[in-house]
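File shown here: model.tsv, holding TSV, C-alpha atoms.
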```tsv
chain	number	residue	atom	x	y	z
A	1	MET	CA	14.99	-11.25	11.24
A	2	ILE	CA	12.80	-12.93	13.82
A	3	GLU	CA	12.50	-16.69	13.26
A	4	ILE	CA	9.72	-18.61	14.96
A	5	THR	CA	9.49	-22.39	15.12
A	6	TYR	CA	6.28	-24.32	15.68
A	7	THR	CA	5.50	-28.02	15.88
A	8	ALA	CA	2.46	-29.67	14.29
A	9	ILE	CA	-0.14	-30.69	16.89
A	10	GLY	CA	-1.95	-33.05	14.53
A	11	ILE	CA	-2.81	-33.94	10.95
A	12	ILE	CA	-5.87	-33.02	8.91
A	13	HIS	CA	-7.58	-35.86	7.04
A	14	SER	CA	-9.77	-34.88	4.10
A	15	PRO	CA	-10.99	-36.34	0.79
A	16	PHE	CA	-8.73	-33.91	-1.11
A	17	THR	CA	-5.50	-35.57	-2.24
A	18	LYS	CA	-4.30	-33.10	-4.84
A	19	LEU	CA	-4.21	-29.33	-4.98
A	20	SER	CA	-6.24	-29.01	-8.16
A	21	GLU	CA	-10.04	-29.30	-8.20
A	22	MET	CA	-10.27	-28.53	-4.48
A	23	PRO	CA	-12.83	-26.19	-2.97
A	24	ILE	CA	-11.22	-22.79	-2.51
A	25	GLN	CA	-12.91	-22.11	0.83
A	26	PRO	CA	-15.10	-23.78	3.50
A	27	THR	CA	-18.46	-22.44	2.26
A	28	SER	CA	-17.81	-23.85	-1.20
A	29	ASN	CA	-20.31	-26.31	-2.69
A	30	SER	CA	-17.52	-28.89	-2.88
A	31	SER	CA	-16.14	-28.66	0.68
A	32	ALA	CA	-16.49	-31.93	2.58
A	33	PRO	CA	-16.42	-33.65	5.96
A	34	GLY	CA	-13.10	-34.78	7.36
A	35	HIS	CA	-11.36	-35.27	10.64
A	36	ILE	CA	-8.33	-34.08	12.52
A	37	GLU	CA	-6.08	-36.46	14.32
A	38	ILE	CA	-4.63	-34.60	17.28
A	39	TYR	CA	-1.38	-36.14	18.52
A	40	PRO	CA	-2.02	-37.94	21.84
A	41	GLU	CA	0.21	-35.59	23.84
A	42	TYR	CA	-2.12	-32.67	23.00
A	43	ALA	CA	-5.48	-34.44	23.37
A	44	GLU	CA	-6.07	-33.07	26.89
A	45	GLY	CA	-6.39	-29.60	25.32
A	46	LEU	CA	-9.58	-30.68	23.50
A	47	ARG	CA	-11.67	-30.81	26.67
A	48	ASP	CA	-14.83	-28.62	26.46
A	49	LEU	CA	-14.36	-28.06	22.73
A	50	ASP	CA	-17.46	-30.07	21.82
A	51	GLY	CA	-19.79	-27.31	23.07
A	52	PHE	CA	-18.82	-25.11	20.14
A	53	SER	CA	-20.47	-25.30	16.72
A	54	HIS	CA	-17.61	-23.80	14.67
A	55	ILE	CA	-13.84	-23.74	15.01
A	56	TYR	CA	-10.96	-22.03	13.27
A	57	LEU	CA	-8.25	-24.34	11.95
A	58	LEU	CA	-4.77	-22.87	11.55
A	59	TYR	CA	-2.53	-25.08	9.46
A	60	HIS	CA	0.71	-25.18	7.52
A	61	LEU	CA	0.19	-25.10	3.76
A	62	HIS	CA	2.87	-27.71	3.18
A	63	LYS	CA	2.45	-28.26	-0.56
A	64	VAL	CA	2.50	-24.66	-1.63
A	65	SER	CA	5.18	-23.14	-3.82
A	66	GLN	CA	7.51	-20.38	-2.71
A	67	ALA	CA	6.05	-17.15	-1.47
A	68	LYS	CA	4.87	-14.64	-4.02
A	69	LEU	CA	4.02	-11.06	-3.08
A	70	THR	CA	1.80	-10.60	-6.12
A	71	VAL	CA	-0.60	-13.36	-7.12
A	72	THR	CA	-3.52	-13.90	-9.44
A	73	PRO	CA	-6.13	-15.39	-7.10
A	74	PHE	CA	-8.58	-18.11	-8.11
A	75	LEU	CA	-11.44	-15.61	-8.15
A	76	ASP	CA	-9.80	-12.98	-10.33
A	77	THR	CA	-7.82	-12.47	-13.50
A	78	MET	CA	-5.88	-9.45	-12.17
A	79	PRO	CA	-2.68	-9.68	-10.13
A	80	ARG	CA	-3.23	-8.63	-6.50
A	81	GLY	CA	-1.04	-8.13	-3.44
A	82	VAL	CA	-0.92	-11.52	-1.67
A	83	PHE	CA	-2.07	-9.98	1.65
A	84	ALA	CA	-5.24	-8.76	-0.09
A	85	THR	CA	-6.03	-12.38	-1.01
A	86	ARG	CA	-6.40	-15.75	0.69
A	87	ALA	CA	-3.97	-17.32	-1.82
A	88	PRO	CA	-1.77	-19.97	-0.18
A	89	SER	CA	1.64	-18.86	-1.52
A	90	ARG	CA	2.20	-16.43	1.36
A	91	PRO	CA	5.51	-15.46	3.01
A	92	ASN	CA	4.38	-17.55	6.00
A	93	PRO	CA	2.08	-20.18	4.46
A	94	ILE	CA	-0.45	-20.39	7.30
A	95	GLY	CA	-3.94	-21.43	6.26
A	96	LEU	CA	-7.04	-20.30	8.16
A	97	SER	CA	-10.42	-22.02	7.76
A	98	LEU	CA	-13.60	-21.62	9.76
A	99	VAL	CA	-15.22	-25.07	9.78
A	100	LYS	CA	-18.25	-26.68	11.36
A	101	LEU	CA	-17.49	-28.88	14.35
A	102	LEU	CA	-19.40	-32.17	14.25
A	103	ARG	CA	-18.03	-33.95	17.33
A	104	VAL	CA	-14.93	-34.71	19.35
A	105	GLU	CA	-13.99	-38.35	20.11
A	106	ASP	CA	-10.87	-38.68	22.24
A	107	ASP	CA	-8.07	-37.33	20.02
A	108	ARG	CA	-10.22	-37.08	16.88
A	109	VAL	CA	-12.03	-33.91	15.88
A	110	TYR	CA	-14.71	-34.48	13.25
A	111	VAL	CA	-15.59	-31.43	11.15
A	112	ASP	CA	-17.59	-30.45	8.10
A	113	GLN	CA	-16.87	-27.89	5.36
A	114	ILE	CA	-13.20	-28.82	4.98
A	115	ASP	CA	-11.35	-27.11	2.13
A	116	ILE	CA	-7.94	-28.46	3.13
A	117	LEU	CA	-5.54	-30.91	1.49
A	118	ASN	CA	-5.31	-34.38	3.06
A	119	GLY	CA	-2.22	-34.74	5.26
A	120	THR	CA	-1.90	-31.04	6.11
A	121	PRO	CA	-0.14	-30.38	9.46
A	122	LEU	CA	-2.35	-28.62	12.01
A	123	LEU	CA	-0.83	-25.77	14.03
A	124	ASP	CA	-3.75	-24.71	16.22
A	125	LEU	CA	-7.49	-24.81	16.59
A	126	LYS	CA	-9.59	-22.15	18.25
A	127	PRO	CA	-13.28	-21.86	19.03
A	128	PHE	CA	-15.27	-19.41	16.92
A	129	ILE	CA	-16.79	-16.78	19.19
A	130	PRO	CA	-19.00	-14.28	17.31
A	131	ALA	CA	-18.72	-11.76	20.15
A	132	PHE	CA	-14.93	-11.71	19.56
A	133	GLU	CA	-15.11	-11.71	15.76
A	134	GLY	CA	-17.59	-8.85	15.42
A	135	ALA	CA	-17.51	-6.91	12.15
A	136	GLU	CA	-19.94	-4.31	10.83
A	137	ASN	CA	-20.07	-2.28	7.62
A	138	ILE	CA	-17.99	-4.84	5.81
A	139	ARG	CA	-16.26	-4.08	2.51
A	140	THR	CA	-14.36	-6.70	0.50
A	141	GLY	CA	-12.40	-4.63	-2.03
A	142	TRP	CA	-11.54	-6.33	-5.33
A	143	LEU	CA	-13.68	-9.32	-4.33
A	144	GLU	CA	-16.95	-7.35	-4.54
A	145	ASN	CA	-17.22	-8.24	-8.22
A	146	ALA	CA	-16.16	-11.86	-7.82
A	147	GLN	CA	-18.54	-12.85	-5.01
A	148	LYS	CA	-20.94	-14.66	-7.31
A	149	ASP	CA	-18.32	-17.28	-8.20
A	150	ILE	CA	-17.15	-18.03	-4.65
A	151	GLN	CA	-19.19	-21.16	-4.11
A	152	LYS	CA	-18.51	-22.90	-7.39
A	153	THR	CA	-14.87	-22.00	-8.08
A	154	ARG	CA	-12.33	-24.76	-7.56
A	155	SER	CA	-8.58	-24.62	-7.23
A	156	ASP	CA	-5.98	-25.49	-9.85
A	157	GLN	CA	-2.25	-26.11	-9.63
A	158	ARG	CA	-1.08	-22.51	-9.80
A	159	PHE	CA	0.31	-22.52	-6.24
A	160	LEU	CA	1.69	-26.08	-6.22
A	161	LYS	CA	5.23	-26.66	-4.99
A	162	LYS	CA	7.59	-27.92	-7.73
A	163	SER	CA	8.99	-31.21	-6.47
B	164	MET	CA	7.58	-34.46	14.91
B	165	ILE	CA	7.02	-31.91	12.15
B	166	GLU	CA	8.82	-28.62	12.83
B	167	ILE	CA	7.84	-25.53	10.88
B	168	THR	CA	9.80	-22.29	10.82
B	169	TYR	CA	8.32	-18.90	9.98
B	170	THR	CA	9.80	-15.41	9.81
B	171	ALA	CA	8.05	-12.29	11.11
B	172	ILE	CA	6.81	-10.07	8.25
B	173	GLY	CA	6.39	-7.03	10.48
B	174	ILE	CA	5.78	-5.66	13.97
B	175	ILE	CA	2.51	-4.63	15.59
B	176	HIS	CA	2.50	-1.26	17.36
B	177	SER	CA	-0.19	-0.72	20.00
B	178	PRO	CA	-0.75	1.28	23.19
B	179	PHE	CA	-0.49	-1.93	25.26
B	180	THR	CA	2.94	-2.34	26.81
B	181	LYS	CA	2.22	-4.96	29.43
B	182	LEU	CA	0.16	-8.13	29.45
B	183	SER	CA	-2.05	-7.13	32.37
B	184	GLU	CA	-4.99	-4.75	31.98
B	185	MET	CA	-5.18	-5.39	28.23
B	186	PRO	CA	-8.41	-5.91	26.34
B	187	ILE	CA	-8.96	-9.65	25.94
B	188	GLN	CA	-10.33	-9.37	22.40
B	189	PRO	CA	-10.88	-6.86	19.56
B	190	THR	CA	-14.51	-6.03	20.36
B	191	SER	CA	-13.59	-5.10	23.93
B	192	ASN	CA	-14.42	-1.62	25.21
B	193	SER	CA	-10.71	-1.07	25.80
B	194	SER	CA	-9.31	-2.14	22.43
B	195	ALA	CA	-7.54	0.69	20.61
B	196	PRO	CA	-6.11	1.95	17.33
B	197	GLY	CA	-2.60	0.95	16.37
B	198	HIS	CA	-0.51	0.26	13.32
B	199	ILE	CA	1.51	-2.50	11.77
B	200	GLU	CA	4.91	-1.87	10.32
B	201	ILE	CA	5.39	-4.33	7.48
B	202	TYR	CA	9.05	-4.92	6.70
B	203	PRO	CA	9.93	-3.20	3.37
B	204	GLU	CA	10.66	-6.48	1.57
B	205	TYR	CA	7.02	-7.54	2.04
B	206	ALA	CA	5.30	-4.19	1.34
B	207	GLU	CA	4.47	-5.13	-2.26
B	208	GLY	CA	2.07	-7.75	-0.86
B	209	LEU	CA	-0.15	-5.00	0.61
B	210	ARG	CA	-1.40	-3.84	-2.80
B	211	ASP	CA	-5.24	-3.85	-3.04
B	212	LEU	CA	-5.63	-4.45	0.71
B	213	ASP	CA	-7.13	-1.01	1.32
B	214	GLY	CA	-10.44	-2.00	-0.27
B	215	PHE	CA	-11.22	-4.28	2.66
B	216	SER	CA	-12.86	-3.06	5.87
B	217	HIS	CA	-11.61	-5.83	8.19
B	218	ILE	CA	-8.52	-8.01	8.28
B	219	TYR	CA	-7.32	-10.99	10.28
B	220	LEU	CA	-3.98	-10.56	11.99
B	221	LEU	CA	-2.00	-13.72	12.75
B	222	TYR	CA	0.83	-13.09	15.16
B	223	HIS	CA	3.31	-14.76	17.45
B	224	LEU	CA	2.40	-14.39	21.14
B	225	HIS	CA	6.00	-13.73	22.10
B	226	LYS	CA	5.51	-12.91	25.80
B	227	VAL	CA	3.39	-15.87	26.72
B	228	SER	CA	4.46	-18.56	29.17
B	229	GLN	CA	4.98	-22.18	28.23
B	230	ALA	CA	2.09	-24.09	26.71
B	231	LYS	CA	-0.59	-25.39	29.02
B	232	LEU	CA	-3.18	-27.90	27.85
B	233	THR	CA	-5.62	-26.92	30.59
B	234	VAL	CA	-6.15	-23.25	31.41
B	235	THR	CA	-8.51	-21.09	33.40
B	236	PRO	CA	-9.53	-18.48	30.82
B	237	PHE	CA	-10.10	-14.79	31.64
B	238	LEU	CA	-13.86	-15.23	31.27
B	239	ASP	CA	-14.25	-18.24	33.55
B	240	THR	CA	-13.29	-19.70	36.89
B	241	MET	CA	-13.25	-23.32	35.68
B	242	PRO	CA	-10.27	-25.03	34.03
B	243	ARG	CA	-10.89	-25.70	30.34
B	244	GLY	CA	-9.01	-27.45	27.53
B	245	VAL	CA	-6.82	-24.78	25.90
B	246	PHE	CA	-8.22	-25.52	22.42
B	247	ALA	CA	-11.71	-24.68	23.73
B	248	THR	CA	-10.43	-21.21	24.68
B	249	ARG	CA	-8.63	-18.28	23.08
B	250	ALA	CA	-6.06	-18.25	25.91
B	251	PRO	CA	-2.58	-17.36	24.64
B	252	SER	CA	-0.59	-20.17	26.32
B	253	ARG	CA	-1.12	-22.59	23.44
B	254	PRO	CA	1.23	-25.32	22.15
B	255	ASN	CA	1.83	-23.07	19.12
B	256	PRO	CA	1.24	-19.55	20.47
B	257	ILE	CA	-0.36	-18.05	17.37
B	258	GLY	CA	-2.76	-15.18	18.03
B	259	LEU	CA	-5.71	-14.43	15.75
B	260	SER	CA	-7.55	-11.10	15.82
B	261	LEU	CA	-10.14	-9.72	13.45
B	262	VAL	CA	-9.53	-5.95	13.36
B	263	LYS	CA	-10.91	-2.98	11.49
B	264	LEU	CA	-8.69	-1.70	8.70
B	265	LEU	CA	-8.41	2.10	8.70
B	266	ARG	CA	-5.92	2.70	5.87
B	267	VAL	CA	-2.72	1.48	4.26
B	268	GLU	CA	0.16	3.93	3.76
B	269	ASP	CA	3.16	2.37	1.99
B	270	ASP	CA	4.44	-0.24	4.47
B	271	ARG	CA	2.16	0.86	7.34
B	272	VAL	CA	-1.22	-0.69	7.99
B	273	TYR	CA	-3.40	1.41	10.32
B	274	VAL	CA	-6.07	-0.55	12.19
B	275	ASP	CA	-8.62	-0.13	14.97
B	276	GLN	CA	-9.79	-2.54	17.67
B	277	ILE	CA	-6.30	-3.82	18.51
B	278	ASP	CA	-6.08	-6.19	21.49
B	279	ILE	CA	-2.42	-7.02	20.93
B	280	LEU	CA	0.72	-6.29	22.92
B	281	ASN	CA	3.05	-3.61	21.51
B	282	GLY	CA	6.03	-5.14	19.71
B	283	THR	CA	4.30	-8.40	18.77
B	284	PRO	CA	5.76	-10.05	15.64
B	285	LEU	CA	3.27	-10.35	12.77
B	286	LEU	CA	3.13	-13.64	10.84
B	287	ASP	CA	0.41	-12.96	8.30
B	288	LEU	CA	-2.55	-10.77	7.50
B	289	LYS	CA	-5.57	-11.84	5.50
B	290	PRO	CA	-8.67	-10.03	4.28
B	291	PHE	CA	-11.92	-10.85	6.07
B	292	ILE	CA	-14.39	-12.25	3.54
B	293	PRO	CA	-17.81	-12.99	5.06
B	294	ALA	CA	-18.67	-15.32	2.18
B	295	PHE	CA	-15.68	-17.48	3.20
B	296	GLU	CA	-16.28	-17.26	6.94
B	297	GLY	CA	-19.96	-18.21	6.90
B	298	ALA	CA	-21.36	-19.74	10.09
B	299	GLU	CA	-24.96	-20.48	11.04
B	300	ASN	CA	-26.59	-21.95	14.14
B	301	ILE	CA	-23.65	-20.93	16.27
B	302	ARG	CA	-23.05	-22.41	19.73
B	303	THR	CA	-20.26	-21.26	22.04
B	304	GLY	CA	-20.13	-23.98	24.69
B	305	TRP	CA	-18.83	-22.94	28.12
B	306	LEU	CA	-18.79	-19.31	27.00
B	307	GLU	CA	-22.59	-19.09	26.77
B	308	ASN	CA	-22.73	-18.07	30.41
B	309	ALA	CA	-19.78	-15.68	30.26
B	310	GLN	CA	-20.86	-13.61	27.23
B	311	LYS	CA	-22.05	-10.70	29.33
B	312	ASP	CA	-18.52	-9.98	30.59
B	313	ILE	CA	-16.76	-10.16	27.23
B	314	GLN	CA	-16.58	-6.44	26.57
B	315	LYS	CA	-15.42	-5.28	29.96
B	316	THR	CA	-13.04	-8.06	31.04
B	317	ARG	CA	-9.34	-7.23	30.91
B	318	SER	CA	-6.32	-9.47	31.01
B	319	ASP	CA	-4.02	-10.13	33.95
B	320	GLN	CA	-0.59	-11.73	34.17
B	321	ARG	CA	-1.67	-15.35	34.36
B	322	PHE	CA	-0.13	-16.27	30.98
B	323	LEU	CA	3.02	-14.10	31.25
B	324	LYS	CA	6.38	-15.65	30.44
B	325	LYS	CA	8.68	-15.82	33.46
B	326	SER	CA	11.85	-13.94	32.48
```
Go ahead and render the structure in this file as structure tokens.
Amino acid sequence: MIEITYTAIGIIHSPFTKLSEMPIQPTSNSSAPGHIEIYPEYAEGLRDLDGFSHIYLLYHLHKVSQAKLTVTPFLDTMPRGVFATRAPSRPNPIGLSLVKLLRVEDDRVYVDQIDILNGTPLLDLKPFIPAFEGAENIRTGWLENAQKDIQKTRSDQRFLKKS
Amino acid sequence: MIEITYTAIGIIHSPFTKLSEMPIQPTSNSSAPGHIEIYPEYAEGLRDLDGFSHIYLLYHLHKVSQAKLTVTPFLDTMPRGVFATRAPSRPNPIGLSLVKLLRVEDDRVYVDQIDILNGTPLLDLKPFIPAFEGAENIRTGWLENAQKDIQKTRSDQRFLKKS
């Protein structure tokens, strides 16, 4: 068993303070602006970031319940393999969101389209580079029939950690 | 300091056995087919994945040298903040690649366009859902001038861990 330890490089600040009624993804109607506070010791790594329009945020889904291998995602009523979904209750609960970069001010990164819980630890941020992320002839499996609800669906408490 | 521990869910198998002369990203001319061996205890999570054409792989860059906050990326001659690049020597060395899914066979996931070192531990895989990953009016900062070399540039040993 290979164990890997990371350290948060910052904290995500958003208007979303509980896991229910959140947007389920960045392009949702209810996603919102927010900012990321990068810890001062990492701020040097933000240089040149402000030339990019979109960035990936990788973060630790810290309020999510134990991993499940089969989940019923927000957009479906059928159980699905967790790796065929973006559900948060993953064996390694790493969240991935592509968000719009508004501006960088010292150790603050201001973004739009956040779909992330307030206080979430940030693991990494990467520039979005369409020439790297190329995809053609895209198919989206079980989601083909659920696409119409993507923008209006909100989360509920189904993946919340019992505390 | 928030420490977070993950466990590899599988291993990535690719034709690339050393960090030099590798493709620097999935859309490179030199990226190649490979497969991921998901550990049996996680295989149930792969159900329904085969309906998707593209998946994100999140993996631990296990051969990369210590974190640097300023790097000279493969596509440039100028030092840049590491978070404005996809360079592997990040504070949390998590790699992200969007690859083409060929097929799923039990606990094996066959993919194309791999730009990942053989033996790399896999942390997570997620379906690519264009409706989630929407981005318009894209700008790519310092990379605007380097785009022409993206497909032919290969890696060298600049980020290799000293062993």
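Each of B:Phe295, B:Tyr222, B:Phe322, B:Phe179 was compared to chain A using all atoms listed in the file, and B:Phe295 turns out to be the nearest.
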Please return the superposed copy of chain A as a CSV table (one decimal) with C-alpha atoms, keeping the file's coordinate frame; the fit should be least squares onto chain B across all sequentially paired Cα atoms.
```csv
chain,number,residue,atom,x,y,z
A,1,MET,CA,7.6,-34.4,14.9
A,2,ILE,CA,7.0,-31.9,12.2
A,3,GLU,CA,8.8,-28.6,12.8
A,4,ILE,CA,7.8,-25.5,10.9
A,5,THR,CA,9.8,-22.3,10.8
A,6,TYR,CA,8.3,-18.9,10.0
A,7,THR,CA,9.8,-15.4,9.8
A,8,ALA,CA,8.1,-12.3,11.1
A,9,ILE,CA,6.8,-10.1,8.3
A,10,GLY,CA,6.4,-7.0,10.5
A,11,ILE,CA,5.8,-5.7,14.0
A,12,ILE,CA,2.5,-4.6,15.6
A,13,HIS,CA,2.5,-1.3,17.4
A,14,SER,CA,-0.2,-0.7,20.0
A,15,PRO,CA,-0.7,1.3,23.2
A,16,PHE,CA,-0.5,-1.9,25.2
A,17,THR,CA,3.0,-2.3,26.8
A,18,LYS,CA,2.2,-5.0,29.4
A,19,LEU,CA,0.2,-8.1,29.4
A,20,SER,CA,-2.0,-7.1,32.4
A,21,GLU,CA,-5.0,-4.7,32.0
A,22,MET,CA,-5.2,-5.4,28.2
A,23,PRO,CA,-8.4,-5.9,26.3
A,24,ILE,CA,-9.0,-9.6,25.9
A,25,GLN,CA,-10.3,-9.4,22.4
A,26,PRO,CA,-10.9,-6.9,19.6
A,27,THR,CA,-14.5,-6.0,20.4
A,28,SER,CA,-13.6,-5.1,23.9
A,29,ASN,CA,-14.4,-1.6,25.2
A,30,SER,CA,-10.7,-1.0,25.8
A,31,SER,CA,-9.3,-2.1,22.4
A,32,ALA,CA,-7.5,0.7,20.6
A,33,PRO,CA,-6.1,1.9,17.3
A,34,GLY,CA,-2.6,0.9,16.4
A,35,HIS,CA,-0.5,0.3,13.3
A,36,ILE,CA,1.5,-2.5,11.8
A,37,GLU,CA,4.9,-1.9,10.3
A,38,ILE,CA,5.4,-4.3,7.5
A,39,TYR,CA,9.1,-4.9,6.7
A,40,PRO,CA,9.9,-3.2,3.4
A,41,GLU,CA,10.7,-6.5,1.6
A,42,TYR,CA,7.0,-7.5,2.0
A,43,ALA,CA,5.3,-4.2,1.3
A,44,GLU,CA,4.5,-5.1,-2.3
A,45,GLY,CA,2.1,-7.8,-0.9
A,46,LEU,CA,-0.2,-5.0,0.6
A,47,ARG,CA,-1.4,-3.8,-2.8
A,48,ASP,CA,-5.3,-3.8,-3.0
A,49,LEU,CA,-5.6,-4.4,0.7
A,50,ASP,CA,-7.1,-1.0,1.3
A,51,GLY,CA,-10.5,-2.0,-0.3
A,52,PHE,CA,-11.2,-4.3,2.7
A,53,SER,CA,-12.9,-3.1,5.9
A,54,HIS,CA,-11.6,-5.8,8.2
A,55,ILE,CA,-8.5,-8.0,8.3
A,56,TYR,CA,-7.3,-11.0,10.3
A,57,LEU,CA,-4.0,-10.6,12.0
A,58,LEU,CA,-2.0,-13.7,12.7
A,59,TYR,CA,0.8,-13.1,15.2
A,60,HIS,CA,3.3,-14.8,17.5
A,61,LEU,CA,2.4,-14.4,21.1
A,62,HIS,CA,6.0,-13.7,22.1
A,63,LYS,CA,5.5,-12.9,25.8
A,64,VAL,CA,3.4,-15.9,26.7
A,65,SER,CA,4.5,-18.6,29.2
A,66,GLN,CA,5.0,-22.2,28.2
A,67,ALA,CA,2.1,-24.1,26.7
A,68,LYS,CA,-0.6,-25.4,29.0
A,69,LEU,CA,-3.2,-27.9,27.9
A,70,THR,CA,-5.6,-26.9,30.6
A,71,VAL,CA,-6.1,-23.3,31.4
A,72,THR,CA,-8.5,-21.1,33.4
A,73,PRO,CA,-9.5,-18.5,30.8
A,74,PHE,CA,-10.1,-14.8,31.6
A,75,LEU,CA,-13.8,-15.2,31.3
A,76,ASP,CA,-14.2,-18.3,33.5
A,77,THR,CA,-13.3,-19.7,36.9
A,78,MET,CA,-13.2,-23.3,35.7
A,79,PRO,CA,-10.3,-25.0,34.0
A,80,ARG,CA,-10.9,-25.7,30.3
A,81,GLY,CA,-9.0,-27.5,27.5
A,82,VAL,CA,-6.8,-24.8,25.9
A,83,PHE,CA,-8.2,-25.5,22.4
A,84,ALA,CA,-11.7,-24.7,23.7
A,85,THR,CA,-10.4,-21.2,24.7
A,86,ARG,CA,-8.6,-18.3,23.1
A,87,ALA,CA,-6.0,-18.3,25.9
A,88,PRO,CA,-2.6,-17.4,24.6
A,89,SER,CA,-0.6,-20.2,26.3
A,90,ARG,CA,-1.1,-22.6,23.4
A,91,PRO,CA,1.2,-25.3,22.1
A,92,ASN,CA,1.8,-23.1,19.1
A,93,PRO,CA,1.2,-19.6,20.5
A,94,ILE,CA,-0.4,-18.1,17.4
A,95,GLY,CA,-2.8,-15.2,18.0
A,96,LEU,CA,-5.7,-14.4,15.8
A,97,SER,CA,-7.6,-11.1,15.8
A,98,LEU,CA,-10.1,-9.7,13.5
A,99,VAL,CA,-9.5,-6.0,13.4
A,100,LYS,CA,-10.9,-3.0,11.5
A,101,LEU,CA,-8.7,-1.7,8.7
A,102,LEU,CA,-8.4,2.1,8.7
A,103,ARG,CA,-5.9,2.7,5.9
A,104,VAL,CA,-2.7,1.5,4.2
A,105,GLU,CA,0.2,3.9,3.7
A,106,ASP,CA,3.2,2.4,2.0
A,107,ASP,CA,4.4,-0.2,4.5
A,108,ARG,CA,2.2,0.9,7.3
A,109,VAL,CA,-1.2,-0.7,8.0
A,110,TYR,CA,-3.4,1.4,10.3
A,111,VAL,CA,-6.1,-0.5,12.2
A,112,ASP,CA,-8.6,-0.1,15.0
A,113,GLN,CA,-9.8,-2.5,17.7
A,114,ILE,CA,-6.3,-3.8,18.5
A,115,ASP,CA,-6.1,-6.2,21.5
A,116,ILE,CA,-2.4,-7.0,20.9
A,117,LEU,CA,0.7,-6.3,22.9
A,118,ASN,CA,3.1,-3.6,21.5
A,119,GLY,CA,6.0,-5.1,19.7
A,120,THR,CA,4.3,-8.4,18.8
A,121,PRO,CA,5.8,-10.1,15.6
A,122,LEU,CA,3.3,-10.4,12.8
A,123,LEU,CA,3.1,-13.6,10.8
A,124,ASP,CA,0.4,-12.9,8.3
A,125,LEU,CA,-2.6,-10.8,7.5
A,126,LYS,CA,-5.6,-11.8,5.5
A,127,PRO,CA,-8.7,-10.0,4.3
A,128,PHE,CA,-11.9,-10.9,6.1
A,129,ILE,CA,-14.4,-12.2,3.5
A,130,PRO,CA,-17.8,-13.0,5.1
A,131,ALA,CA,-18.7,-15.3,2.2
A,132,PHE,CA,-15.7,-17.5,3.2
A,133,GLU,CA,-16.3,-17.3,7.0
A,134,GLY,CA,-20.0,-18.2,6.9
A,135,ALA,CA,-21.4,-19.7,10.1
A,136,GLU,CA,-25.0,-20.5,11.0
A,137,ASN,CA,-26.6,-21.9,14.1
A,138,ILE,CA,-23.7,-20.9,16.3
A,139,ARG,CA,-23.1,-22.4,19.7
A,140,THR,CA,-20.3,-21.3,22.0
A,141,GLY,CA,-20.1,-24.0,24.7
A,142,TRP,CA,-18.8,-22.9,28.1
A,143,LEU,CA,-18.8,-19.3,27.0
A,144,GLU,CA,-22.6,-19.1,26.7
A,145,ASN,CA,-22.7,-18.1,30.4
A,146,ALA,CA,-19.8,-15.7,30.3
A,147,GLN,CA,-20.8,-13.6,27.2
A,148,LYS,CA,-22.1,-10.7,29.3
A,149,ASP,CA,-18.5,-10.0,30.6
A,150,ILE,CA,-16.7,-10.2,27.2
A,151,GLN,CA,-16.6,-6.4,26.6
A,152,LYS,CA,-15.4,-5.3,29.9
A,153,THR,CA,-13.0,-8.0,31.0
A,154,ARG,CA,-9.3,-7.2,30.9
A,155,SER,CA,-6.3,-9.5,31.0
A,156,ASP,CA,-4.0,-10.1,33.9
A,157,GLN,CA,-0.6,-11.7,34.2
A,158,ARG,CA,-1.7,-15.3,34.4
A,159,PHE,CA,-0.1,-16.2,31.0
A,160,LEU,CA,3.0,-14.1,31.2
A,161,LYS,CA,6.4,-15.6,30.5
A,162,LYS,CA,8.7,-15.8,33.5
A,163,SER,CA,11.8,-14.0,32.5
```
* Using all atoms listed in the file, which chain A residues lie at most 7 Å away from chain B, written as a PyMOL selection string? -> chain A and resi 1-8+25-27+42+44-49+51-54+69-70+80-86+92+98+123-127+129+132-134+138-142
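If all atoms listed in the file are the atoms counted, then among A:Asp107, A:Leu61, A:Glu21, A:His35 the closest residue to A:Thr120 is A:Leu61.
Here atom CA of B:Val267 is placed at a distance of 13.5 Å from atom CA of B:Pro196.
The smallest atom-to-atom distance between A:Thr17 and any of A:Gly119, A:Ala67, A:Leu101, A:Ser155, using only C-alpha atoms, is found for A:Gly119.
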* How many Å lie between atom CA of B:Pro178 and atom CA of B:Gln229, rounded to one decimal? ->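 If I compute the distance from atom CA of B:Pro178 to atom CA of B:Gln229, I get 24.7 Å.
Counting from atom CA of B:His176, the distance to atom CA of B:Pro203 is 16.0 Å.
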Box in all listed atoms of stretch 165-171 of chain B, axis-aligned, with 5 Å more on each side; write out centre and edge lengths in Å to one decimal as AutoDock Vina command-line options.
```
--center_x 8.4 --center_y -22.1 --center_z 11.3 --size_x 12.8 --size_y 29.6 --size_z 13.0
```
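With distances restricted to all atoms listed in the file, A:Val64 is the closest residue to A:Arg158 from A:Ile12, A:Val111, A:Met22, A:Val64.
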* Asked: Which residue out of A:Ala146, A:Ser65, A:Asn29, A:Gly34 has the minimum interatomic distance to A:Ile116 when all atoms listed in the file are used?
  ->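 Checking each of A:Ala146, A:Ser65, A:Asn29, A:Gly34 against A:Ile116, counting all atoms listed in the file, the winner is A:Gly34.
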* Quick one: of B:Leu238, B:Leu182, B:Ile199, B:Leu220, who's nearest to B:Asn308, counting only C-alpha atoms? ->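 Of B:Leu238, B:Leu182, B:Ile199, B:Leu220, the one nearest B:Asn308, counting only C-alpha atoms, is B:Leu238.
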